[in-house]
Structures are given as C-alpha cells and as structure tokens.
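Colleague: Sharing query_4.txt (compact mmCIF, C-alpha atoms and all ligand atoms) below.
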```txt
# COMPACT_ATOMS: atom_id res chain seq x y z
CA MET U 294 -1.88 -30.89 -0.49
CA THR U 295 -0.31 -28.45 1.98
CA ARG U 296 -1.80 -25.00 2.44
CA SER U 297 1.28 -23.47 0.77
CA ALA U 298 0.93 -25.69 -2.28
CA ALA U 299 -2.80 -25.01 -2.47
CA PHE U 300 -2.26 -21.24 -2.45
CA TYR U 301 0.44 -21.53 -5.08
CA ALA U 302 -1.83 -23.59 -7.35
CA GLN U 303 -4.74 -21.22 -6.83
CA ALA U 304 -2.56 -18.16 -7.52
CA GLN U 305 -1.36 -19.72 -10.78
CA GLN U 306 -4.99 -20.07 -11.84
CA LEU U 307 -5.50 -16.38 -11.03
CA ALA U 308 -2.44 -15.36 -13.06
CA ASP U 309 -4.38 -13.88 -15.98
CA GLN U 310 -6.60 -11.89 -13.67
CA ILE U 311 -3.68 -10.52 -11.63
CA VAL U 312 -1.81 -9.57 -14.80
CA GLY U 313 -5.02 -7.99 -16.14
CA TRP U 314 -5.36 -5.77 -13.07
CA ARG U 315 -1.69 -4.87 -13.24
CA ARG U 316 -1.92 -3.83 -16.89
CA ASP U 317 -5.12 -1.86 -16.31
CA ILE U 318 -3.44 0.07 -13.48
CA HIS U 319 -0.23 0.39 -15.50
CA MET U 320 -2.13 2.04 -18.36
CA HIS U 321 -3.70 4.56 -15.98
CA PRO U 322 -0.92 5.60 -13.59
CA GLU U 323 -1.59 8.25 -10.95
CA LEU U 324 0.88 10.24 -8.87
CA GLY U 325 0.94 10.15 -5.07
CA PHE U 326 -2.27 11.31 -3.33
CA GLN U 327 -4.00 11.45 -6.71
CA GLU U 328 -4.83 7.74 -6.91
CA GLN U 329 -8.58 8.27 -7.53
CA ARG U 330 -9.13 5.83 -10.36
CA THR U 331 -6.85 3.21 -8.82
CA ALA U 332 -8.63 3.51 -5.48
CA ARG U 333 -12.00 3.09 -7.20
CA LEU U 334 -10.78 0.02 -9.06
CA VAL U 335 -9.53 -1.44 -5.78
CA ALA U 336 -12.71 -0.68 -3.82
CA ASP U 337 -14.97 -2.01 -6.61
CA THR U 338 -12.94 -5.19 -6.95
CA LEU U 339 -12.90 -5.79 -3.18
CA ALA U 340 -16.70 -5.33 -3.21
CA GLU U 341 -16.94 -8.08 -5.85
CA PHE U 342 -15.21 -10.41 -3.38
CA GLY U 343 -17.64 -9.35 -0.65
CA ILE U 344 -14.93 -7.44 1.21
CA GLU U 345 -16.05 -4.28 2.96
CA ALA U 346 -13.81 -1.39 1.97
CA GLN U 347 -13.25 2.09 3.31
CA THR U 348 -12.03 4.72 0.85
CA GLY U 349 -10.39 8.08 1.46
CA VAL U 350 -8.10 6.66 4.14
CA GLY U 351 -4.86 8.65 4.27
CA LYS U 352 -6.36 10.91 1.58
CA THR U 353 -6.63 8.45 -1.35
CA GLY U 354 -5.95 5.09 0.30
CA VAL U 355 -8.32 2.13 0.60
CA VAL U 356 -8.61 -0.30 3.51
CA GLY U 357 -10.41 -3.63 3.08
CA TYR U 358 -11.62 -5.61 6.08
CA LEU U 359 -12.03 -9.39 5.89
CA GLY U 360 -13.21 -11.14 9.05
CA GLU U 361 -13.26 -9.68 12.52
CA GLY U 362 -11.79 -9.91 16.00
CA ARG U 363 -8.17 -10.56 16.83
CA PRO U 364 -5.57 -11.15 15.72
CA VAL U 365 -5.43 -8.54 12.97
CA ILE U 366 -2.92 -9.03 10.15
CA GLY U 367 -2.27 -6.13 7.78
CA ILE U 368 -1.05 -6.57 4.21
CA ARG U 369 0.17 -3.44 2.49
CA ALA U 370 0.42 -2.49 -1.19
CA ASP U 371 1.33 0.96 -2.47
CA MET U 372 -0.55 2.39 -5.46
CA ASP U 373 1.33 5.46 -6.71
CA ALA U 374 3.25 6.06 -9.94
CA LEU U 375 6.16 8.37 -10.83
CA PRO U 376 6.57 11.51 -12.97
CA ILE U 377 8.35 9.65 -15.78
CA ASP U 378 7.49 9.35 -19.50
CA GLU U 379 7.24 5.66 -20.34
CA GLU U 380 9.47 4.49 -23.20
CA ASN U 381 8.36 0.86 -23.27
CA ASP U 382 6.63 -0.16 -26.47
CA VAL U 383 4.07 -2.50 -24.94
CA PRO U 384 0.32 -2.81 -25.52
CA TYR U 385 -0.34 -1.76 -21.93
CA ARG U 386 1.91 1.30 -22.07
CA SER U 387 0.98 4.29 -19.88
CA GLN U 388 -1.86 6.32 -21.38
CA THR U 389 -0.95 9.34 -19.28
CA PRO U 390 1.97 11.35 -20.69
CA GLY U 391 4.62 12.08 -18.09
CA VAL U 392 3.33 9.56 -15.57
CA MET U 393 4.44 5.94 -15.32
CA HIS U 394 4.38 3.00 -12.95
CA ALA U 395 8.17 2.78 -12.92
CA CYS U 396 8.58 1.15 -9.51
CA GLY U 397 6.08 -1.71 -9.80
CA HIS U 398 3.42 -0.41 -7.45
CA ASP U 399 0.86 -1.39 -10.10
CA ALA U 400 2.01 -4.99 -9.56
CA HIS U 401 1.79 -4.63 -5.76
CA THR U 402 -1.82 -3.43 -6.01
CA ALA U 403 -2.75 -6.24 -8.43
CA ILE U 404 -1.06 -8.87 -6.27
CA LEU U 405 -2.90 -7.70 -3.16
CA LEU U 406 -6.21 -7.92 -5.02
CA GLY U 407 -5.27 -11.51 -5.85
CA VAL U 408 -4.53 -12.16 -2.18
CA ALA U 409 -7.91 -10.66 -1.23
CA LYS U 410 -9.70 -12.94 -3.68
CA MET U 411 -7.96 -16.07 -2.41
CA LEU U 412 -8.45 -15.31 1.27
CA SER U 413 -12.10 -14.29 0.76
CA GLU U 414 -12.80 -17.64 -0.95
CA MET U 415 -10.96 -19.71 1.66
CA PRO U 416 -13.43 -21.93 3.56
CA ASP U 417 -11.15 -22.67 6.51
CA ARG U 418 -9.42 -19.33 6.93
CA PRO U 419 -8.07 -19.02 10.49
CA PRO U 420 -10.11 -16.73 12.77
CA GLY U 421 -9.22 -13.05 13.04
CA GLN U 422 -9.15 -10.14 10.66
CA VAL U 423 -7.15 -9.55 7.51
CA ARG U 424 -6.74 -5.87 6.75
CA PHE U 425 -5.85 -4.95 3.18
CA LEU U 426 -3.89 -1.69 3.22
CA PHE U 427 -3.89 -0.07 -0.21
CA GLN U 428 -1.64 2.87 0.43
CA PRO U 429 -1.23 6.09 -1.57
CA SER U 430 1.98 8.02 -2.20
CA GLU U 431 4.94 5.89 -1.20
CA GLU U 432 7.29 7.81 -3.47
CA ASN U 433 6.44 11.30 -2.30
CA SER U 434 5.40 13.38 0.67
CA ASP U 435 2.69 16.03 0.80
CA GLU U 436 3.04 19.69 1.77
CA ASP U 437 3.45 18.65 5.42
CA ASP U 438 6.29 16.24 4.56
CA LYS U 439 4.08 13.21 5.15
CA SER U 440 3.88 10.24 2.80
CA GLY U 441 1.06 7.76 2.30
CA ALA U 442 1.97 5.35 5.09
CA THR U 443 2.00 8.15 7.67
CA ARG U 444 -1.33 9.47 6.44
CA MET U 445 -2.86 5.97 6.62
CA ILE U 446 -1.56 5.51 10.17
CA GLU U 447 -2.92 8.92 11.19
CA ASP U 448 -6.34 7.82 9.92
CA GLY U 449 -6.19 4.70 12.10
CA ALA U 450 -5.54 2.08 9.40
CA LEU U 451 -2.98 0.30 11.61
CA GLU U 452 -5.11 0.46 14.79
CA GLY U 453 -5.09 -2.92 16.52
CA VAL U 454 -2.87 -4.54 13.87
CA ASP U 455 -0.76 -7.38 15.34
CA ALA U 456 1.54 -7.84 12.35
CA VAL U 457 1.99 -6.19 8.96
CA ILE U 458 3.55 -7.63 5.81
CA ALA U 459 4.32 -6.47 2.29
CA LEU U 460 6.37 -7.22 -0.79
CA HIS U 461 8.23 -5.19 -3.38
CA VAL U 462 8.96 -6.38 -6.90
CA ALA U 463 12.63 -6.15 -7.86
CA SER U 464 13.70 -5.78 -11.49
CA ASP U 465 17.29 -6.56 -10.49
CA LEU U 466 16.50 -9.94 -8.95
CA PRO U 467 15.82 -13.04 -11.08
CA ALA U 468 12.16 -13.96 -11.50
CA GLY U 469 11.21 -16.95 -9.38
CA VAL U 470 13.38 -15.90 -6.45
CA ILE U 471 12.63 -13.93 -3.30
CA THR U 472 14.90 -12.33 -0.74
CA VAL U 473 14.09 -11.07 2.72
CA GLU U 474 16.44 -9.56 5.31
CA ASP U 475 16.39 -10.37 9.00
CA GLY U 476 16.48 -6.98 10.71
CA TYR U 477 17.22 -3.73 8.91
CA SER U 478 16.31 -3.85 5.23
CA THR U 479 16.04 -0.15 4.34
CA ALA U 480 17.69 2.93 5.78
CA ASN U 481 16.82 6.02 7.78
CA GLU U 482 16.87 8.87 5.32
CA ASP U 483 17.38 12.57 6.04
CA SER U 484 18.02 15.23 3.44
CA PHE U 485 19.71 18.51 4.27
CA GLN U 486 20.08 21.98 2.80
CA VAL U 487 22.92 24.26 3.78
CA VAL U 488 23.69 27.87 2.88
CA LEU U 489 27.27 28.94 3.59
CA THR U 490 27.55 32.70 3.72
CA GLY U 491 30.51 35.01 3.32
CA THR U 492 30.62 38.57 2.09
CA GLY U 493 31.49 38.29 -1.57
CA GLY U 494 33.83 40.69 -3.33
CA HIS U 495 36.17 41.32 -6.26
CA GLY U 496 38.12 38.32 -7.49
CA ALA U 497 41.30 40.41 -7.53
CA MET U 498 40.93 41.41 -3.88
CA PRO U 499 40.16 38.20 -1.98
CA HIS U 500 41.67 39.62 1.21
CA GLN U 501 38.77 42.07 1.41
CA ALA U 502 36.14 39.33 1.20
CA ILE U 503 34.99 36.31 3.19
CA ASP U 504 34.97 33.76 0.40
CA PRO U 505 32.26 31.08 0.89
CA THR U 506 33.81 28.83 -1.79
CA PHE U 507 36.96 28.61 0.34
CA ILE U 508 34.77 27.77 3.35
CA LEU U 509 33.03 25.15 1.20
CA ALA U 510 36.34 23.44 0.44
CA GLN U 511 37.08 23.00 4.16
CA VAL U 512 33.51 21.93 4.92
CA LEU U 513 33.42 19.27 2.18
CA ASN U 514 36.55 17.62 3.52
CA ALA U 515 35.23 17.63 7.05
CA LEU U 516 31.84 16.26 5.95
CA GLN U 517 33.56 13.25 4.39
CA GLY U 518 35.35 12.76 7.71
CA ILE U 519 32.06 12.19 9.56
CA ARG U 520 31.60 8.76 8.04
CA SER U 521 35.24 7.74 8.33
CA ARG U 522 36.31 9.40 11.63
CA ARG U 523 33.21 9.93 13.76
CA VAL U 524 30.78 7.04 13.09
CA ASP U 525 31.53 3.64 14.63
CA PRO U 526 33.03 1.65 11.73
CA THR U 527 30.73 -1.31 12.50
CA LYS U 528 27.63 0.87 11.86
CA ALA U 529 26.32 1.53 8.39
CA ALA U 530 26.12 5.16 7.32
CA ALA U 531 26.25 7.23 4.15
CA LEU U 532 26.50 10.97 3.61
CA SER U 533 26.45 12.32 0.07
CA ILE U 534 26.38 15.80 -1.40
CA GLY U 535 24.00 16.10 -4.33
CA GLU U 536 24.01 19.82 -5.12
CA ILE U 537 26.51 22.67 -5.00
CA HIS U 538 25.61 26.07 -6.41
CA ALA U 539 27.65 29.25 -6.20
CA GLY U 540 28.55 32.31 -8.18
CA LYS U 541 27.80 33.72 -11.61
CA ALA U 542 31.01 35.33 -12.93
CA SER U 543 34.70 34.41 -13.08
CA ASN U 544 35.90 37.58 -11.36
CA VAL U 545 33.27 37.85 -8.63
CA ILE U 546 33.64 36.14 -5.27
CA PRO U 547 30.09 35.01 -4.45
CA SER U 548 28.49 35.84 -1.14
CA GLN U 549 26.76 32.46 -0.72
CA VAL U 550 27.19 28.77 -1.52
CA TYR U 551 24.22 26.43 -1.49
CA ILE U 552 24.69 22.71 -0.90
CA SER U 553 22.26 19.86 -0.38
CA GLY U 554 22.69 16.19 0.31
CA THR U 555 21.34 13.02 1.85
CA MET U 556 22.25 10.98 4.94
CA ARG U 557 21.45 7.29 5.45
CA SER U 558 21.78 4.98 8.43
CA PHE U 559 20.14 1.88 9.90
CA ASP U 560 19.93 2.48 13.65
CA ASP U 561 18.41 5.60 15.13
CA GLY U 562 21.49 6.40 17.24
CA THR U 563 23.60 6.71 14.11
CA ARG U 564 20.86 8.79 12.48
CA GLN U 565 21.02 11.30 15.32
CA GLN U 566 24.82 11.25 15.30
CA LEU U 567 24.91 12.15 11.60
CA ARG U 568 22.58 15.10 12.23
CA ASP U 569 24.67 16.33 15.16
CA GLU U 570 28.00 15.88 13.40
CA LEU U 571 26.70 17.70 10.33
CA ALA U 572 25.74 20.71 12.44
CA ARG U 573 29.09 20.60 14.23
CA THR U 574 31.09 20.40 11.01
CA LEU U 575 29.37 23.49 9.65
CA MET U 576 30.79 25.49 12.58
CA ILE U 577 33.92 25.66 10.41
CA ALA U 578 32.13 28.42 8.49
CA ARG U 579 32.02 30.57 11.63
CA VAL U 580 35.62 29.86 12.53
CA LEU U 581 36.58 31.16 9.08
CA GLY U 582 34.57 34.35 9.47
CA GLY U 583 31.46 33.30 7.61
CA ASP U 584 28.20 31.75 8.72
CA PHE U 585 25.73 29.05 7.77
CA THR U 586 22.12 27.97 7.92
CA LEU U 587 21.15 24.31 8.09
CA ARG U 588 17.80 22.70 7.40
CA ILE U 589 17.40 18.96 7.95
CA ARG U 590 14.34 17.40 6.40
CA PRO U 591 13.59 14.06 8.07
CA GLY U 592 12.72 11.36 5.53
CA TYR U 593 11.56 7.79 6.04
CA PRO U 594 12.82 5.77 9.01
CA SER U 595 14.69 2.51 8.53
CA ASN U 596 12.65 -0.64 8.11
CA PHE U 597 13.28 -3.46 10.54
CA ASN U 598 12.10 -6.87 9.36
CA ASP U 599 10.95 -8.99 12.27
CA PRO U 600 13.15 -12.13 11.90
CA GLY U 601 10.26 -14.46 12.80
CA THR U 602 8.06 -13.03 10.06
CA ALA U 603 10.94 -13.06 7.58
CA ALA U 604 11.47 -16.75 8.39
CA LEU U 605 7.79 -17.46 7.61
CA MET U 606 8.21 -15.78 4.21
CA ARG U 607 11.23 -17.92 3.38
CA ALA U 608 9.56 -21.12 4.60
CA SER U 609 6.42 -20.40 2.59
CA THR U 610 8.43 -19.78 -0.60
CA VAL U 611 10.49 -22.94 -0.11
CA ALA U 612 7.27 -24.93 0.40
CA MET U 613 5.96 -23.61 -2.93
CA ILE U 614 8.96 -23.61 -5.25
CA GLY U 615 11.83 -25.23 -3.35
CA GLU U 616 15.10 -24.12 -1.79
CA ASP U 617 16.27 -22.34 -4.95
CA GLY U 618 13.40 -19.89 -4.55
CA VAL U 619 15.12 -18.06 -1.70
CA ALA U 620 18.30 -16.07 -2.35
CA VAL U 621 20.58 -14.25 0.09
CA PRO U 622 19.69 -10.55 0.18
CA GLU U 623 22.25 -7.84 -0.41
CA LYS U 624 22.27 -4.98 2.09
CA MET U 625 21.42 -1.59 0.66
CA MET U 626 20.50 1.83 2.00
CA GLY U 627 17.40 2.74 0.06
CA ALA U 628 14.35 4.07 1.88
CA GLU U 629 10.74 2.81 1.96
CA ASP U 630 7.81 4.28 3.86
CA PHE U 631 6.53 0.80 4.79
CA ALA U 632 8.97 1.36 7.66
CA PHE U 633 6.40 3.62 9.35
CA MET U 634 4.10 0.59 9.50
CA THR U 635 6.69 -1.82 10.94
CA ARG U 636 7.24 0.76 13.66
CA LYS U 637 3.55 0.37 14.57
CA ALA U 638 3.46 -3.44 14.42
CA PRO U 639 6.12 -6.11 13.83
CA GLY U 640 6.34 -7.31 10.26
CA ALA U 641 8.48 -7.74 7.20
CA MET U 642 8.70 -6.94 3.51
CA PHE U 643 10.17 -9.39 1.01
CA MET U 644 11.60 -8.65 -2.41
CA LEU U 645 9.95 -10.54 -5.26
CA GLY U 646 12.40 -11.16 -8.10
CA ALA U 647 10.95 -9.93 -11.38
CA ALA U 648 13.88 -9.30 -13.70
CA VAL U 649 13.06 -9.30 -17.39
CA GLY U 650 15.75 -11.25 -19.26
CA ASP U 651 18.91 -9.18 -19.13
CA PHE U 652 18.32 -7.13 -15.96
CA SER U 653 18.25 -3.90 -18.00
CA ARG U 654 15.06 -2.37 -16.69
CA PRO U 655 15.99 -0.47 -13.52
CA HIS U 656 13.41 0.99 -11.13
CA HIS U 657 12.57 4.68 -11.64
CA THR U 658 13.62 4.72 -15.30
CA PRO U 659 11.48 5.11 -18.47
CA VAL U 660 12.25 1.49 -19.46
CA PHE U 661 11.37 -0.12 -16.13
CA ASN U 662 9.43 -3.35 -16.49
CA ILE U 663 8.92 -6.66 -14.74
CA ASP U 664 8.45 -10.33 -15.53
CA GLU U 665 4.74 -10.74 -14.83
CA SER U 666 4.98 -14.51 -14.53
CA THR U 667 6.26 -14.09 -10.99
CA LEU U 668 3.22 -12.19 -9.69
CA PRO U 669 1.25 -15.30 -8.61
CA LEU U 670 4.16 -16.40 -6.40
CA GLY U 671 4.02 -13.04 -4.63
CA ALA U 672 0.28 -13.36 -4.03
CA ALA U 673 0.58 -16.96 -2.81
CA VAL U 674 3.34 -16.14 -0.31
CA LEU U 675 1.46 -13.15 1.11
CA ALA U 676 -1.74 -15.22 1.51
CA ASP U 677 0.10 -18.15 3.05
CA VAL U 678 2.10 -16.05 5.53
CA THR U 679 -1.06 -14.16 6.50
CA CYS U 680 -2.77 -17.44 7.45
CA GLN U 681 0.28 -18.57 9.42
CA LEU U 682 0.41 -15.23 11.27
CA LEU U 683 -3.32 -15.44 12.08
CA THR U 684 -2.68 -18.83 13.67
CA ASP U 685 0.58 -17.90 15.40
CA LYS U 686 -0.69 -14.62 16.84
CA ALA U 687 -3.86 -16.33 18.10
CA ASN U 688 -1.69 -18.87 19.89
CA GLY U 689 0.32 -16.05 21.40
CA LYS U 690 3.37 -17.21 19.55
CA ALA U 691 5.37 -14.03 19.40
CA THR U 692 7.33 -13.25 16.29
CA LYS U 693 9.38 -11.06 18.59
CA SER U 694 12.27 -9.04 17.41
ZN ZN A 701 10.25 3.57 -6.06
ZN ZN A 702 8.58 1.26 -4.69
```
Take the structure in the file and give it back as structure tokens.
Modeller:
Amino acid sequence: MTRSAAFYAQAQQLADQIVGWRRDIHMHPELGFQEQRTARLVADTLAEFGIEAQTGVGKTGVVGYLGEGRPVIGIRADMDALPIDEENDVPYRSQTPGVMHACGHDAHTAILLGVAKMLSEMPDRPPGQVRFLFQPSEENSDEDDKSGATRMIEDGALEGVDAVIALHVASDLPAGVITVEDGYSTANEDSFQVVLTGTGGHGAMPHQAIDPTFILAQVLNALQGIRSRRVDPTKAAALSIGEIHAGKASNVIPSQVYISGTMRSFDDGTRQQLRDELARTLMIARVLGGDFTLRIRPGYPSNFNDPGTAALMRASTVAMIGEDGVAVPEKMMGAEDFAFMTRKAPGAMFMLGAAVGDFSRPHHTPVFNIDESTLPLGAAVLADVTCQLLTDKANGKATKS
C-alpha cells in the first residue's frame, strides 16, 4: 500500500472522531481572539497524542510541536466563528446565540487534530518537525488592525518554518473534489473611507453652496475609470463602493458626503496603483471647490500558492481518490489571512469540496453547512503532503516559486 493510500484508509477510520470534534466545536463557537474553549480542547487533545503544545500564541492560538530539527513543516487551521445566528436545525446546532461556525473553521480545527493523530502514530515519519498552527481570528482584526495569522507570526510561530500548508472547506464545491491554484489564489484587500466636503446650503440657492453630492457624481465616474482606464487590462483588480451617506432633508444641500469601499488585486504593484489612483481621483473634489479626506485601511495581502506545493496536493489527492478528485479552480478575489504565512514561507492552501446536496449553504450565512463525509480526505491529504515536504525539504528539493 502506498503512503497516500495508507493515510486515506487511516483517515476513514478516524472519520467518526473527526466529525465528533467538529460537532463539539460547532456547538461551542467562539469569535476571533476569544477562542478559549476551542484552544483548550485543541491543547488537551494534542496532549493525548503526546504532542507538546504551547497555548496563548497570538493571543488565543495554539502551536503543537511534533518531532524536532529541520526541516520544519507548518500546517495551519483557523479556529474562529462569526457573529451569525445559526438557522440550521441540526443536533449539533450552535449553543451560543448570535455566534456560529459559518465558514467551516470548526472543520479545519477538527481535520488538523486528525492530522496530528495520524502523524503522531506514524512509525516511519520522515525526520524533521511538524508544527501544528491552530490560529485564532481569521475573520477579524483586533484594535491594532491585526488578525490571527499576524499575531501568531509576531509570537514566532512561523520561526524556522520551511513550508506551510492549509486547506479551506468549500460549500460551493462538490464533496469529494479538491481544487488548488498555482500562484495567486486570494487577493490583496484594502478598504477605504472618504469624506467629500463642500459647504452645504439652501436647496433653492445652489450657486451659493459647494455641493458635495455634485462632487460625488464626478468622483464616482472617475473611480470606475481606474479599473478600466488606468490599470493594465491583463492585471486583475476590483474597486467597489459599499457605502454612500449624505444629507437629511430634501431642501438642504449637505456639507459632507461619506463613502466607503473595497479594493482588490493580486500583485502588489497593482495594489499600490489602486491606492495612488484613488487619492489622485479624489483631487476632483478640490478642483470643484470642495475638499476630501481619505483613509485607507490595509487588509490581508494576496495569497500566492507555491506551484510545487500545489502540485503535491493534487498528486496526493489523485493517489487517494483518482483523477476525478481534482477539479480546475475558478479565480476569485476573496481575501484570507493565511497569506501572511505564505509570505513567511512557501506553501499552499487547497479548497476541500464540501457541498451539501444542492449547493444552497453559502459561507457566512445562517444556513451554512458542509458535507462531513469529506473531512477524512482533507486530513489524509494534509498528512501525506506534510510527509512529502519533510522528505523534499530535507533533500534540498526546492518547491521554488
Ligand atoms: Zn470566512
Ligand atoms: Zn474561512
């Protein structure tokens, strides 16, 4: 039996346990940087496997250490839930009103515990260290605009790591299928807040006012031109306005307009260009006699999947369930803070198909759910790729991007 097949068989035997952990965590969801119970469950379970664990990493994260020396392979799972009231009528429904695992991070944590069990029981595990990175707060940043991955990195969790891998369940991808991009898989994300100022005045006497809603009309047009006229058409970019607020009465010209939006890109050059072009476009307000303030809040960077690591993930899946187990990914411009980790060490994240029947359970909604039967595949692929990376990195075989 090949190593891939052995992991797959072993993971199937662990299915009940993995699902049990997932449901336990699902019933007790915790928001970002509040993952106390989840962290305890993780640390206690790792201890059962004889894996030394450090708690309080990146505030509420847990790092497990299996083996020592180099190479070091990190495997990351996020643990946080979302401020959503669960509507699913299932026995393992969230017991905490207003909080729900609506992105599948409960599954990621359970899967990584399964990986830890398999690797800790493996008699011929390749030399080196496996580092289990149970990360808090992927969905949200703290008061200093830092999310869980950044906090973990600041606390040294990625120190000496030669490669880092992860998965994300996908409720819009059939169960029993994975996808993994070569190269960019998630986008740079920046949000922005703008205040356009004029003077306000009487609606009947617009000539005596500087009307910020008129300025807004010119600015909106020009903002849409950034994507179409300024950015290289071969580069991906998105700029969307999400909020516009102005005025209170039909006959009063307001003195201010507030707008906010989001900008997405893959490469860092385009990210900077969007920021610069946004600031330049807003100069229209000054030309028209008004003014503006701009605040750009940098979000997560884009994730770049190392093509060599992505190839290992595909090969491992094919070895377990055949060619049909790997689908072609569709590009999208979401954001994921795992990207901070792949900027510290090469790595990749694959999407684990987990659609329930009719694909009607989207992420971040009160009816989100996954097909749990696919969880063992996720654990088996992570364990298998980790072993391959331990061997490859020891042999100096670069999975270079
Ligand atoms: Zn999410
Ligand atoms: Zn997520």
Colleague: Quick one: distance from CA of Ala308 in chain U to CA of Val674 in chain U in Å, one decimal?
Modeller: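 So the answer is 14.0 Å.
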Colleague: Can I get the residues close to ligand ZN 702 (chain A) as a list in words, where close means within 7 Å and we count only C-alpha atoms and all ligand atoms?
Modeller: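 So, counting only C-alpha atoms and all ligand atoms, the residues near ligand ZN 702 (chain A) are Cys396, Gly397, His398, Glu431, Glu432 and His461 of chain U.
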Colleague: Could you write out the selected residues, including C-alpha atoms, as a tab-separated table (two decimals), in the frame of the given file?
Modeller:
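Contents of the output file selection01.tsv:
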```tsv
chain	number	residue	atom	x	y	z
U	396	CYS	CA	8.58	1.15	-9.51
U	397	GLY	CA	6.08	-1.71	-9.80
U	398	HIS	CA	3.42	-0.41	-7.45
U	431	GLU	CA	4.94	5.89	-1.20
U	432	GLU	CA	7.29	7.81	-3.47
U	461	HIS	CA	8.23	-5.19	-3.38
```
Colleague: Taking a cut-off of 12 Å and counting all atoms listed in the file, can you build a table that, for each residue of chain U near ligand ZN 701 (chain A), reports the nearest atom pair and how far apart they are in Å (one decimal), sorted by chain then residue number, as JSON lines?
Modeller:
```
{"residue": "U:Leu324", "atom": "CA", "partner": "A:ZN701", "partner_atom": "ZN", "distance": 11.8}
{"residue": "U:Gly325", "atom": "CA", "partner": "A:ZN701", "partner_atom": "ZN", "distance": 11.4}
{"residue": "U:Asp371", "atom": "CA", "partner": "A:ZN701", "partner_atom": "ZN", "distance": 10.0}
{"residue": "U:Met372", "atom": "CA", "partner": "A:ZN701", "partner_atom": "ZN", "distance": 10.9}
{"residue": "U:Asp373", "atom": "CA", "partner": "A:ZN701", "partner_atom": "ZN", "distance": 9.1}
{"residue": "U:Ala374", "atom": "CA", "partner": "A:ZN701", "partner_atom": "ZN", "distance": 8.4}
{"residue": "U:Leu375", "atom": "CA", "partner": "A:ZN701", "partner_atom": "ZN", "distance": 7.9}
{"residue": "U:Pro376", "atom": "CA", "partner": "A:ZN701", "partner_atom": "ZN", "distance": 11.2}
{"residue": "U:Ile377", "atom": "CA", "partner": "A:ZN701", "partner_atom": "ZN", "distance": 11.6}
{"residue": "U:Met393", "atom": "CA", "partner": "A:ZN701", "partner_atom": "ZN", "distance": 11.2}
{"residue": "U:His394", "atom": "CA", "partner": "A:ZN701", "partner_atom": "ZN", "distance": 9.1}
{"residue": "U:Ala395", "atom": "CA", "partner": "A:ZN701", "partner_atom": "ZN", "distance": 7.2}
{"residue": "U:Cys396", "atom": "CA", "partner": "A:ZN701", "partner_atom": "ZN", "distance": 4.5}
{"residue": "U:Gly397", "atom": "CA", "partner": "A:ZN701", "partner_atom": "ZN", "distance": 7.7}
{"residue": "U:His398", "atom": "CA", "partner": "A:ZN701", "partner_atom": "ZN", "distance": 8.0}
{"residue": "U:Asp399", "atom": "CA", "partner": "A:ZN701", "partner_atom": "ZN", "distance": 11.4}
{"residue": "U:His401", "atom": "CA", "partner": "A:ZN701", "partner_atom": "ZN", "distance": 11.8}
{"residue": "U:Ser430", "atom": "CA", "partner": "A:ZN701", "partner_atom": "ZN", "distance": 10.2}
{"residue": "U:Glu431", "atom": "CA", "partner": "A:ZN701", "partner_atom": "ZN", "distance": 7.6}
{"residue": "U:Glu432", "atom": "CA", "partner": "A:ZN701", "partner_atom": "ZN", "distance": 5.8}
{"residue": "U:Asn433", "atom": "CA", "partner": "A:ZN701", "partner_atom": "ZN", "distance": 9.4}
{"residue": "U:His461", "atom": "CA", "partner": "A:ZN701", "partner_atom": "ZN", "distance": 9.4}
{"residue": "U:Val462", "atom": "CA", "partner": "A:ZN701", "partner_atom": "ZN", "distance": 10.1}
{"residue": "U:Ala463", "atom": "CA", "partner": "A:ZN701", "partner_atom": "ZN", "distance": 10.2}
{"residue": "U:Ser464", "atom": "CA", "partner": "A:ZN701", "partner_atom": "ZN", "distance": 11.3}
{"residue": "U:Gly627", "atom": "CA", "partner": "A:ZN701", "partner_atom": "ZN", "distance": 9.4}
{"residue": "U:Ala628", "atom": "CA", "partner": "A:ZN701", "partner_atom": "ZN", "distance": 9.0}
{"residue": "U:Glu629", "atom": "CA", "partner": "A:ZN701", "partner_atom": "ZN", "distance": 8.1}
{"residue": "U:Asp630", "atom": "CA", "partner": "A:ZN701", "partner_atom": "ZN", "distance": 10.2}
{"residue": "U:Phe631", "atom": "CA", "partner": "A:ZN701", "partner_atom": "ZN", "distance": 11.8}
{"residue": "U:Pro655", "atom": "CA", "partner": "A:ZN701", "partner_atom": "ZN", "distance": 10.2}
{"residue": "U:His656", "atom": "CA", "partner": "A:ZN701", "partner_atom": "ZN", "distance": 6.5}
{"residue": "U:His657", "atom": "CA", "partner": "A:ZN701", "partner_atom": "ZN", "distance": 6.1}
{"residue": "U:Thr658", "atom": "CA", "partner": "A:ZN701", "partner_atom": "ZN", "distance": 9.9}
{"residue": "U:Phe661", "atom": "CA", "partner": "A:ZN701", "partner_atom": "ZN", "distance": 10.8}
```
Colleague: For a test of reading the model, state the distance in Å between CA of Val550 in chain U and CA of Leu509 in chain U, rounded to one decimal.
Modeller: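 Taking CA of Val550 in chain U and CA of Leu509 in chain U, their separation equals 7.4 Å.
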Colleague: Name the closest residue to Lys528 in chain U among the candidates U:Gln566, U:Thr679, U:Asn596, U:Ser558; distances are taken between atoms, counting only C-alpha atoms.
Modeller: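 That would be U:Ser558, the residue with the smallest distance to Lys528 in chain U.
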Colleague: Here is a test: counting only C-alpha atoms, which residue of U:His495, U:Arg418, U:Arg573, U:His500 is nearest to Thr684 in chain U?
Modeller: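 Closest candidate: U:Arg418.
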Colleague: Which of these residues is nearest to Asp617 in chain U, using all atoms listed in the file: U:Gln305, U:Ser478, U:Gln486, U:Thr472?
Modeller: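 Looking at the shortest contact to Asp617 in chain U, the residue is U:Thr472.
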Colleague: Which residue gives the smallest distance to Ser595 in chain U among U:Val611, U:Ala510, U:Ala480, U:Ala515, with only C-alpha atoms counted?
Modeller: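 Closest to Ser595 in chain U of all the choices is U:Ala480.
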Colleague: How far is it from CA of Thr490 in chain U to CA of Pro505 in chain U, in Å with one decimal?
Modeller: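 Distance between the two atoms: 5.7 Å.
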Colleague: Let me have the centre and edge lengths in Å, one decimal, of the box along x, y and z around every listed atom of range 503-513 of chain U with 5 Å of margin on each side, as lines of an AutoDock Vina configuration file.
Modeller:
```
center_x = 34.7
center_y = 27.8
center_z = 1.6
size_x = 14.8
size_y = 27.0
size_z = 16.7
```
Colleague: Please return, as an MDAnalysis selection string, all polymer residues that have at least one atom within 12 Å of the point (21.7, 1.9, 4.9); use only C-alpha atoms and the file's own coordinate frame.
Modeller: chainID U and resid 476:483 528:532 555:561 563:564 593:597 623:629
Colleague: Would you kindly return, as number ranges by chain, each protein, DNA or RNA residue with an atom no farther than 12 Å from any atom of Gly582 in chain U, considering all atoms listed in the file and excluding same-chain residues fewer than 5 positions away?
Modeller: U: 489-492, 501-505, 507-508, 576-577
